[in-house]
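Reading through the structure tokens given below for one structure.
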Amino acid sequence: MKKTFIYCFLATALVVLGAYPFLKSIEFGSCLAYAFGGLRDVATDRADRFLGKVQENTARCRGGDAATSWRTTPWIDWQLYRGAAGQESIFGGIADRLGFLSPNRRGIDGALLDLEYQRIELLKFNLFDNSGTYEEYARNQNNPAGSLARIWPQFRLPEDHQSYRVAGSDGGQKCAGELTRFRTVTGICNDILNPLMGSTGQPFARNTPFEATFPDLAPDEIAKNRHGSRIGLLTPDPQVISRKIFTRHQSSPEKCNNGHGLPNNSVEANCDYQKAPHVNVLAAFWIQFMTHDWFSHLDEGHNQAELMAMGCSARRAGDTPLTPAEIERLGCRPEDRIDKSFIAQDAPPPTFNIGYKSRMSRAPRTTSNRVTAWWDASQIYGYDDNSRRRVKRDPRDSAKLQLEPIGAGATGQSGYLPTLQSSDPQNLQWAGQEAVAFPDNWNIGLSFFHNVFAREHNLFVEEFRRRVADNPEADSGLRNPARPDQMTKYREVTDEELFEVARLVVSAEIAKIHTIEWTPQMLYNEPLHLAMNANWSGLLHNHPLVSAALEKVVQRFARSDNSRNATQWYSAFAAGPGIFGLGSKKPDISGGINHFGSPFNFPEEFINAYRLHPMLPDLIEFRDLKNPNDITSKMPIVETVRAKATQALRRYGTANWALSLGRQRAGKLTLQNHPLILQNLEMPRLKSATGKIDVMALDLIRDRERGIPRYNEYRRQYGLKQLTSFDDFIDLRLPMSSPQRAEQQKLTAFLREIYGQHKCEVRKIITDAQKNPDGTQINDCLGRPDSAMVDNIEDVDALVGWLAEFVRPHGLAISETQLQVFILNASRRLFSDRFLTSSFRPEYYSDLGVNWVNENGPDGKRMGKSQSNGHEMEVSPLKRVLLRTIPELKSELDPVMNVFDPWARDRGEYYSLQWKPRPGAESDAAFKSK
Ligand code: HEM
């Protein structure tokens, strides 16, 4: 209050002193209007959501006239705020010295507030659990005095579960003792009151109302109105879409040879792809490594036994079949077949009424997550009996993972994971690969990361053993829940316990790397750098304006009579101090978790948002550490998959692969940029006529099988503004004559050709997720007159739509639509996990483990030599892991600030996206290409 008064006084004094021209330049009037307008309320109805669009004064105060004019576009406002993009967004001069009132700080803090509002609304409107808890949740939400459920009978262990008695048979179950101590193989007892939550085999959740899923089944009148009878599993045709708008075009097709390159991996080979300037190929493989931890629909690499067609038949519903000439021209394959997805439930869902409105209690079809949903490194350590059997322990020290020394002078530390044995549970396609818990779609990047983290596991064990040797009687920090008051001395820790402690540490390290290293590089701008670090460790102390605003809202919620507000929103704002380790200082080991009234699992929409195949190039630019600037060969990715990955890693070594994948740019997530090799992937296990599949067409088919809403409704349901025609994708800031604009026009014309147009009917209401700005319902004509021809923008597959978002916030490798999916789910996988919140404490991790995670290793915090985008930064966590596990990389890694930024790129000024070499890498051949 006192502060506000001082600022008002200062502002008035400045006006009186004739500072008007200066004030105009800092949008003074708009800022005053914005400040006095107060905080916006969180929407009470989903149709009144924020949509990432602010008031005119707010936009001007944060981003000047450019931000104001942006408000009419479908895209989120904060991307045009001051300081939220590259150097050009920085407001220089004297105004920059006004501290948190400066234009740049207003812009960045404004963006952080917008992001926080989005998260609150997402937590409020986008949680739909498929395991039978939804009715209770919906009733609570509808009741102003409704409380938030925290315990659900659906998550009790069943009677035939081996731990049923331990958890307490009937009534309320509570995991205790050994079950609570470490991450369990199947993920049970992470939430001690809901043992089954997040465990292997639980249903995937949804982020959109069940009625909005499976639009092709036309579950209600609204869905029928939205799509007519235009969409289905194979309509519009997925292979036609893949070939028309996903294929990478080649300037010299003979040098690419459909992704197979040239004989002897000649450097003369070339496969064109659109390159992301600030993200490397390691980042592409990292995210595949992560997804294998979080979700899978396949069981041991299989779907159902029954095969189905994959398209290449007719463009759209009712069209004549493609002619042989068209098939030839497109390059698609009518004979391709794929196995159908497993479906957990497809009986009509039970319904219930709230008022007059009937609601489904789950989606029309559900599928289950075949791995644990927790961030528990289950791709390394296992998620069921079969996968656990593949994980090999060191026969000489069973706390360690088995690593085989390979090559002259090799040691355990530089060893490699053993390969699958005939006695291991396996799918024929995996023969010859490393024995890991999750072996599917194996490739050189997965092989690399699995080996690196196996080494890291063993390094932790070795360091722990050193402490045992040095000080056997000292307190390790660990506690046995059966004897919580008794210290566990170093010498008392068993091999099995040490193995599990190492798993906890490695999982938390991976979560940290993903949150503060991978994500900020993929979302390369200041607001998201701050937001991600805030998610992990809290940062708002540097942002008093946001902090003060949030504090006010927190207090407002805390005073609320409504327990939902007092807990749900309060917790959302509590992210200020950071989510990681929340509640770890309090006695209750699960007091820091929050499921926000809806049990945790990933939603099907999350899997859609992670279909990031365009990040892969077709050829890997291979290098040798002896001459890092030289590309010595171009290796087709297809020659580095499955068993060939294992051979390639062993033959050329982890250091050369790290260097090669670290220096090469990843593919941009955009149209016409999918790897050719994945459009023609050999799939012998299917025994189909072609023996191949088009993974891109499959991406679309799987999304349709799982009822992902089509793009426009997906945006509306996630609280983003809809598009009204394909032309809305075009970036209107581009000059009319620019080649980029011409390219975007060409691609939107393709979208029109594929998805088509129809004569609209105003009487048809197509959504209840949002309304028009004048409060009327959105109809089939999307603002155009009755019977006008409109684009079938409603039918666009979500994946196609978000790849077509040419407009993106600065530095976003992903689209703003995917970002919205991540804002919700990336926070939830931290908020819900006991081991990443209140159980992140020495009792579970040991003293060494807690420090290892907090300080990125055993030897204390290390600060980087130079600043990164104006911040003093610690040496990044993955860099520390690589320095430990592949010490040969030392000189190459020396200038690297973020392991996912191409290693030889000059990071330049504030969030630069330029592709230029850092000193010493001028001769690197990669800088000769665009
Ligand atoms: C050489 C590399 C890769 C190959 C051979 C490959 C292959 C495949 C195949 C065949 C499927 C379909 C499985 C099915 O539904 O039957 C798939 C699914 C998927 N891929 Fe890839 N992929 C590769 C790299 C990546 C990368 C880099 C990402 C990055 C995130 C990724 C993300 C996904 C996702 C999210 C799915 C869906 C999984 C699910 O439905 O549970 N893949 N991939």
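Naming works like this for the structure tokens: A, B, ... for the chains as they're shown, residue 1 at the start of each chain, ligands 1 onward in shown order.
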
Q: Can you tell me which residues come within 8 Å of ligand 1 when counting only C-alpha atoms and all ligand atoms, ideally as number ranges by chain?
A: A: 284-291, 295-298, 301-303, 338-341, 369, 441-444, 607-616, 637-638, 640-641, 678, 681, 693, 695, 698-699, 702

Got time to write the residues from that selection, C-alpha atoms, as a JSON list (two decimals), in the first residue's frame?
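What follows is the written file part17.json:
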```
[["chain", "number", "residue", "atom", "x", "y", "z"],
["A", 284, "ALA", "CA", 15.58, -34.40, -29.92],
["A", 285, "PHE", "CA", 16.79, -37.68, -28.48],
["A", 286, "TRP", "CA", 16.53, -36.39, -24.94],
["A", 287, "ILE", "CA", 12.81, -35.87, -25.30],
["A", 288, "GLN", "CA", 12.28, -39.32, -26.72],
["A", 289, "PHE", "CA", 14.29, -40.63, -23.73],
["A", 290, "MET", "CA", 11.88, -38.70, -21.46],
["A", 291, "THR", "CA", 8.67, -39.82, -23.14],
["A", 295, "PHE", "CA", 4.02, -42.82, -21.13],
["A", 296, "SER", "CA", 3.56, -45.65, -23.55],
["A", 297, "HIS", "CA", 0.54, -47.18, -25.21],
["A", 298, "LEU", "CA", 2.44, -50.26, -26.37],
["A", 301, "GLY", "CA", 6.59, -53.07, -28.40],
["A", 302, "HIS", "CA", 3.22, -54.46, -29.54],
["A", 303, "ASN", "CA", -0.27, -53.18, -30.05],
["A", 338, "ILE", "CA", -0.34, -51.24, -38.70],
["A", 339, "ASP", "CA", -1.52, -52.97, -35.54],
["A", 340, "LYS", "CA", -4.55, -51.42, -33.84],
["A", 341, "SER", "CA", -4.10, -49.62, -30.52],
["A", 369, "ASN", "CA", -0.40, -46.10, -19.65],
["A", 441, "ASN", "CA", 12.14, -47.55, -31.14],
["A", 442, "TRP", "CA", 15.77, -47.82, -30.10],
["A", 443, "ASN", "CA", 18.29, -45.53, -31.74],
["A", 444, "ILE", "CA", 21.69, -43.95, -31.25],
["A", 607, "ILE", "CA", 1.12, -37.57, -26.02],
["A", 608, "ASN", "CA", -0.16, -35.65, -29.02],
["A", 609, "ALA", "CA", 1.88, -32.62, -27.99],
["A", 610, "TYR", "CA", 5.03, -34.76, -27.78],
["A", 611, "ARG", "CA", 4.87, -36.09, -31.32],
["A", 612, "LEU", "CA", 8.11, -34.28, -32.11],
["A", 613, "HIS", "CA", 9.45, -36.42, -34.93],
["A", 614, "PRO", "CA", 10.45, -33.41, -37.13],
["A", 615, "MET", "CA", 13.27, -32.71, -34.69],
["A", 616, "LEU", "CA", 15.21, -35.61, -36.19],
["A", 637, "ILE", "CA", 19.80, -42.26, -38.88],
["A", 638, "VAL", "CA", 18.26, -45.39, -40.29],
["A", 640, "THR", "CA", 21.78, -46.15, -36.31],
["A", 641, "VAL", "CA", 18.50, -47.68, -35.12],
["A", 678, "LEU", "CA", 10.35, -42.27, -40.73],
["A", 681, "LEU", "CA", 10.35, -47.06, -41.68],
["A", 693, "ILE", "CA", 5.03, -47.83, -42.19],
["A", 695, "VAL", "CA", 5.28, -43.00, -38.91],
["A", 698, "LEU", "CA", 0.62, -43.19, -37.96],
["A", 699, "ASP", "CA", 0.98, -40.14, -35.72],
["A", 702, "ARG", "CA", -3.08, -42.84, -33.37]]
```

(Q) Give me, as a VMD selection string, all polymer residues having an atom no more than 12 Å from Ser414 of chain A, counting only C-alpha atoms and skipping those fewer than 2 positions away in the same chain. (A) chain A and resid 402 to 412 416 to 417 451 to 456 458 to 459 650 653 to 655 882 to 888

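With distances restricted to only C-alpha atoms, A:His595 is the closest residue to Phe831 of chain A from A:Arg230, A:Arg503, A:His595, A:Arg733.
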
Q) With only C-alpha atoms as the basis for distance, which of A:Asn533, A:Phe246, A:Glu753, A:Ile343 is at the shortest distance from Trp518 of chain A? A) A:Asn533

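The smallest atom-to-atom distance between Pro153 of chain A and any of A:Leu307, A:Pro334, A:Leu112, A:Pro599, using only C-alpha atoms, is found for A:Pro599.
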
Q. Within 9 Å of Met683 of chain A, counting only C-alpha atoms, which residues qualify if same-chain residues fewer than 6 places away don't, as number ranges by chain?
A. A: 429, 690-693

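Comparing A:Lys626, A:Arg316, A:His514, A:His871 by their smallest distance to Tyr910 of chain A, the closest is A:His871 (using only C-alpha atoms).
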
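Atom CA of Thr186 of chain A is found 11.6 Å from atom CA of Ser163 of chain A.
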
(Q) If we count only C-alpha atoms and set the cut-off at 8 Å, which residues sit around Gln717 of chain A, ignoring sequence neighbours fewer than 4 positions away in its own chain? Please answer as a PyMOL selection string. (A) chain A and resi 126+208-209+713+769-770
